[in-house]
Amino acid sequence: MTVITRFAPSPTGYLHVGGARTALFSWLYARKHQGEFILRIEDTDLERSTKESVQAIFDGMEWLGLSYDTEPTFQTHNFPRYKDIIATLLETGHAYHCDCSKEELELLREQQMAAKEKPRYNGKCRDMNKPQSDKTVVRFKTPVDGSITIADLVKGDITVANKELDDLVIARTDGSPTYNLTVVVDDMDMKITHVIRGDDHINNTPRQINILNALNAPLPEYAHLPMILGSDGARLSKRHGAVSVMQFRDEGYLPQALLNYLVRLGWSHGDQEIFSISEMIEFFDLADVNGAASTFNMEKLLWLNHHYLMHSDPTEIVPHLIWHLGTIGIDANTDKSVDLVELVKAQRERCKTLVEMAEASRYFYQEFEVYDEKSAKKAFSEGSDDVLNHLKNTFAQLGNWEKEALHDVVKNTAETLELGLGKVAQPLRVAICGSGVSPSIDITLALLGREKTLARLQRAISHIQRA
């Protein structure tokens with residue numbers, strides 16, 4: 001049997017990290033078993049579904065690297081098939097037309113709530129053979145007796161008595177299908193073997209199993225993932241910070257770091273914390289998913305992101321850094337003056353996000369307007385213009401613009417002028433960077449280049465002499 005999983009988001013907003021974790025677990029399970037992973041856009045909510053949300057799903061999946069094995073499918077393209085299935089259920093006596101009004105149903109609900117009963121449809125039209133009209137919905141005829149047991153791969157067996165379920169609507173008055181019907185048809189037609197989704201769908205599962213049974217369709221296996229909570233124990237939402245996948249990109253996180261963090265939300269493999277994608281695929285097992293809710297910890301994610309910045313191949317980070325440089329007006333694809341691999345190496349120790357790295361690298365590309373006041377006051381003391389002038393003249397004659405030679409110039413200048421190394425390096429740093437913070441001075445000089453270095457030294461000398 002070929003394992004086939006699916007990720008089936010509704011395009012009514014951004015791709016949430018909870019959805020991303022569901023997609024990741026479904027993707028990992030398919031990859032582990034050499035199966036297929038399908039992306040299905042559940043866009044039957046015509047009022048709320050938008051093209052922008054569809055694109056947000058595509059963008060999030062692409063950025064995370066969760067590739068799917070077929071072209072994405074859209075439920076709105078499958079309406080004729082749903083219509084046929086609804087007709088089949090009507091013909092076989094598994095569904096019926098119901099013309100109960102909204103007012104009638106609301107009154108029934110109020111009465112049941114007042115009697116402290118579970119609100120549900122009372123089956124009034126179940127055996128009345130109502131004719132179809134523009135006022136009728138189609139309801140599925142849920143079995144009266146027996147029960148449904150979900151052999152959940154995460155939570156264990158879950159048994160629900162059919163008497164606890166009502167006759168759910170599977171087609172609205174305009175003939176359009178509802179969620180529980182479309183999901184069943186698609187899972188059946190796509191031969192989905194494993195439905196991996198959030199545990200907010202547990203209530204839908206027995207209903208969907210009953211419909212599958214009515215269609216004599218094989219049942220997939222189910223795995224319901226626990227929800228993700230914020231630090232306050234409430235369900236993760238915008239008030240806890242970033243929850244959109246693309247917002248994490250915008251805030252400077254690497255996709256590898258977010259995937260590593262998400263895989264550990266509710267799943268573990270011993271005490272291991274850091275996983276490559278290949279290790280995730282090798283070790284992932286639904287049996288190891290914890291049934292309890294997980295708490296999203298932004299500090300842990302930030303720690304992971306810094307780890308990946310520190311230990312990833314710099315060439316893998318460069319494309320992401322280029323994107324972030326672009327957001328602050330630097331086109332690093334066109335401006336090739338800075339070695340980006342070396343820039344990543346130079347900046348990653350002190351930068352925990354790509355936003356920080358891009359901002360900290362601005363001066364390599366753009367002229368700064370003013371010096372950091374505190375740094376300049378301390379570094380540009382009396383006689384510092386002479387130090388910078390000596391450096392400028394020596395750098396101008398230097399044949400080999402590499403960090404070892406640059407380091408020697410700074411060191412020899414300190415010896416020649418009988419100054420401590422800090423009295424040379426710090427005025428130099430402020431002169432070329434605008435502040436007292438940068439990577440080691442020799443690496444900074446090497447990345448900045450001769451032309452910018454000499455120009456900025458002259459600017460600093462003039463600034464000091466004017467003061």
# chains A, B, ... in the order shown; residues from 1 in each chain; ligands from 1
>>> residues_around(residues="Ala8 (chain A)", least_positions_apart="5", cutoff="7 Å", atoms="only C-alpha atoms", output="list of chain:residue names")
A:Leu39, A:Arg40, A:Ile41, A:Glu42
>>> residues_around(residues="Ile148 (chain A)", least_positions_apart="5", cutoff="12 Å", atoms="only C-alpha atoms", output="MDAnalysis selection string")
chainID A and resid 142:143 157:165 202:213 219
>>> atom_distance(atom1="CA of Tyr371 (chain A)", atom2="CA of Ser435 (chain A)")
6.2 Å
>>> select_by_dssp(residues="region 62-267 of chain A", states="strand (DSSP E or B)", output="ChimeraX atom specification")
/A:73-74,95-98,137-140,147-152,156-161,169-171,177,194-198,221-225,228-229,235,244,267
>>> write_last_selection(atoms="N, CA and C atoms", output="CSV table (one decimal), in the first residue's frame")
chain,number,residue,atom,x,y,z
A,73,THR,N,-4.8,20.9,-5.6
A,73,THR,CA,-6.2,20.7,-6.0
A,73,THR,C,-7.0,21.7,-5.3
A,74,PHE,N,-8.1,22.1,-5.9
A,74,PHE,CA,-9.1,23.1,-5.3
A,74,PHE,C,-10.4,22.4,-5.3
A,95,ALA,N,-29.5,9.8,2.9
A,95,ALA,CA,-29.7,11.3,3.1
A,95,ALA,C,-31.1,11.6,2.7
A,96,TYR,N,-31.5,12.8,3.1
A,96,TYR,CA,-32.9,13.3,2.9
A,96,TYR,C,-32.9,14.8,2.8
A,97,HIS,N,-34.0,15.3,2.3
A,97,HIS,CA,-34.3,16.7,2.2
A,97,HIS,C,-34.9,17.2,3.5
A,98,CYS,N,-34.5,18.4,3.9
A,98,CYS,CA,-35.1,19.0,5.1
A,98,CYS,C,-35.4,20.4,4.9
A,137,VAL,N,-32.4,21.8,2.6
A,137,VAL,CA,-31.0,21.4,2.6
A,137,VAL,C,-31.1,19.9,2.5
A,138,VAL,N,-29.9,19.3,2.3
A,138,VAL,CA,-29.8,17.8,2.3
A,138,VAL,C,-29.0,17.4,3.6
A,139,ARG,N,-29.6,16.5,4.4
A,139,ARG,CA,-29.0,16.0,5.6
A,139,ARG,C,-28.6,14.6,5.4
A,140,PHE,N,-27.5,14.2,6.1
A,140,PHE,CA,-27.0,12.9,6.1
A,140,PHE,C,-27.8,12.1,7.2
A,147,SER,N,-22.0,2.7,17.5
A,147,SER,CA,-21.0,3.7,17.8
A,147,SER,C,-19.9,3.7,16.8
A,148,ILE,N,-19.1,4.7,16.8
A,148,ILE,CA,-17.9,4.8,15.9
A,148,ILE,C,-16.7,4.8,16.8
A,149,THR,N,-15.7,4.0,16.6
A,149,THR,CA,-14.4,4.0,17.3
A,149,THR,C,-13.3,4.5,16.3
A,150,ILE,N,-12.7,5.6,16.7
A,150,ILE,CA,-11.5,6.1,15.9
A,150,ILE,C,-10.3,5.5,16.6
A,151,ALA,N,-9.6,4.7,15.8
A,151,ALA,CA,-8.3,4.2,16.3
A,151,ALA,C,-7.2,5.2,16.0
A,152,ASP,N,-7.2,6.2,16.8
A,152,ASP,CA,-6.4,7.4,16.6
A,152,ASP,C,-4.9,7.1,16.9
A,156,GLY,N,-5.0,7.4,20.7
A,156,GLY,CA,-5.6,6.1,21.1
A,156,GLY,C,-7.0,6.0,20.7
A,157,ASP,N,-7.7,4.9,21.1
A,157,ASP,CA,-9.1,4.7,20.7
A,157,ASP,C,-10.0,5.8,21.2
A,158,ILE,N,-10.9,6.3,20.4
A,158,ILE,CA,-11.9,7.3,20.8
A,158,ILE,C,-13.2,6.8,20.3
A,159,THR,N,-14.1,6.5,21.2
A,159,THR,CA,-15.4,5.9,20.8
A,159,THR,C,-16.5,7.0,21.0
A,160,VAL,N,-17.4,7.1,20.0
A,160,VAL,CA,-18.5,8.1,20.0
A,160,VAL,C,-19.8,7.3,19.7
A,161,ALA,N,-20.8,7.4,20.5
A,161,ALA,CA,-22.1,6.8,20.2
A,161,ALA,C,-22.8,7.6,19.1
A,169,VAL,N,-26.0,18.6,8.0
A,169,VAL,CA,-26.3,19.1,6.6
A,169,VAL,C,-25.1,18.8,5.7
A,170,ILE,N,-25.3,18.2,4.6
A,170,ILE,CA,-24.2,17.9,3.6
A,170,ILE,C,-24.4,18.8,2.3
A,171,ALA,N,-25.6,19.4,2.2
A,171,ALA,CA,-25.8,20.3,1.0
A,171,ALA,C,-26.7,21.5,1.5
A,177,PRO,N,-22.1,22.0,-1.5
A,177,PRO,CA,-21.7,21.0,-0.4
A,177,PRO,C,-21.1,21.6,0.8
A,194,HIS,N,-3.8,8.2,5.3
A,194,HIS,CA,-3.6,8.7,6.7
A,194,HIS,C,-4.0,10.2,6.7
A,195,VAL,N,-5.0,10.5,7.5
A,195,VAL,CA,-5.5,11.8,7.7
A,195,VAL,C,-4.8,12.4,9.0
A,196,ILE,N,-3.9,13.3,8.8
A,196,ILE,CA,-3.2,13.9,10.0
A,196,ILE,C,-3.6,15.3,10.0
A,197,ARG,N,-4.2,15.7,11.1
A,197,ARG,CA,-4.8,17.0,11.3
A,197,ARG,C,-4.9,17.4,12.7
A,198,GLY,N,-5.3,18.6,13.0
A,198,GLY,CA,-5.5,19.1,14.4
A,198,GLY,C,-6.6,18.4,15.1
A,221,GLU,N,-6.6,5.9,8.1
A,221,GLU,CA,-6.2,6.0,9.5
A,221,GLU,C,-6.1,7.5,9.9
A,222,TYR,N,-6.5,7.7,11.2
A,222,TYR,CA,-6.5,9.1,11.6
A,222,TYR,C,-5.5,9.4,12.7
A,223,ALA,N,-4.9,10.6,12.7
A,223,ALA,CA,-4.0,11.0,13.7
A,223,ALA,C,-4.4,12.5,14.0
A,224,HIS,N,-4.8,12.8,15.2
A,224,HIS,CA,-5.2,14.1,15.6
A,224,HIS,C,-4.2,14.7,16.5
A,225,LEU,N,-3.6,15.8,16.0
A,225,LEU,CA,-2.5,16.5,16.6
A,225,LEU,C,-3.0,17.5,17.7
A,228,ILE,N,-1.6,24.0,19.7
A,228,ILE,CA,-0.4,24.7,20.2
A,228,ILE,C,-0.9,25.9,21.0
A,229,LEU,N,-0.3,26.0,22.2
A,229,LEU,CA,-0.8,27.1,23.1
A,229,LEU,C,0.3,28.2,23.2
A,235,ARG,N,-5.0,29.3,23.5
A,235,ARG,CA,-4.6,28.8,22.2
A,235,ARG,C,-3.8,29.9,21.5
A,244,SER,N,1.9,33.8,11.8
A,244,SER,CA,1.9,33.6,10.4
A,244,SER,C,3.3,33.1,10.0
A,267,TRP,N,6.4,16.3,19.4
A,267,TRP,CA,7.1,15.1,19.0
A,267,TRP,C,8.5,15.1,19.5
>>> atom_distance(atom1="CA of Leu454 (chain A)", atom2="CA of Leu398 (chain A)")
11.5 Å
>>> residues_around(residues="region 284-298 of chain A", least_positions_apart="3", cutoff="6 Å", atoms="only C-alpha atoms", output="list in words")
Val154, Lys155, Pro226, Met227, Ile228, Leu229, Gly230, Leu265, Gly266, Trp267, Met280, Ile281 and Leu301 of chain A
>>> residues_around(residues="Ala467 (chain A)", least_positions_apart="4", cutoff="12 Å", atoms="only C-alpha atoms", output="list in words")
Ala376, Lys377, Phe380, Ser381, Glu382, Asp385, Ala460, Ile461, Ser462 and His463 of chain A
>>> write_last_selection(atoms="C-alpha atoms", output="PDB file, in the first residue's frame")
ATOM      1  CA  ALA A 376      32.415  59.136  18.318  1.00  0.00           C
ATOM      2  CA  LYS A 377      32.860  61.198  21.488  1.00  0.00           C
ATOM      3  CA  PHE A 380      37.518  60.725  18.204  1.00  0.00           C
ATOM      4  CA  SER A 381      39.672  62.187  20.946  1.00  0.00           C
ATOM      5  CA  GLU A 382      42.572  64.607  20.518  1.00  0.00           C
ATOM      6  CA  ASP A 385      42.916  62.417  13.296  1.00  0.00           C
ATOM      7  CA  ALA A 460      36.343  61.093   9.689  1.00  0.00           C
ATOM      8  CA  ILE A 461      39.565  63.104   9.636  1.00  0.00           C
ATOM      9  CA  SER A 462      37.678  66.132   8.320  1.00  0.00           C
ATOM     10  CA  HIS A 463      34.953  65.611  10.925  1.00  0.00           C
TER      11      HIS A 463
END
>>> residues_around(residues="Ala56 (chain A)", least_positions_apart="6", cutoff="9 Å", atoms="only C-alpha atoms", output="short mmCIF file (atom, residue, chain, number, x, y, z; two decimals) with C-alpha atoms, in the first residue's frame")
data_model
loop_
_atom_site.label_atom_id
_atom_site.label_comp_id
_atom_site.auth_asym_id
_atom_site.auth_seq_id
_atom_site.Cartn_x
_atom_site.Cartn_y
_atom_site.Cartn_z
CA PRO A 11 -7.68 29.90 2.23
CA GLY A 13 -6.19 33.97 6.04
CA TYR A 14 -2.47 33.47 6.45
CA LEU A 15 -0.76 30.10 6.90
CA VAL A 245 4.60 31.51 8.72
CA MET A 246 5.60 34.39 6.46
#
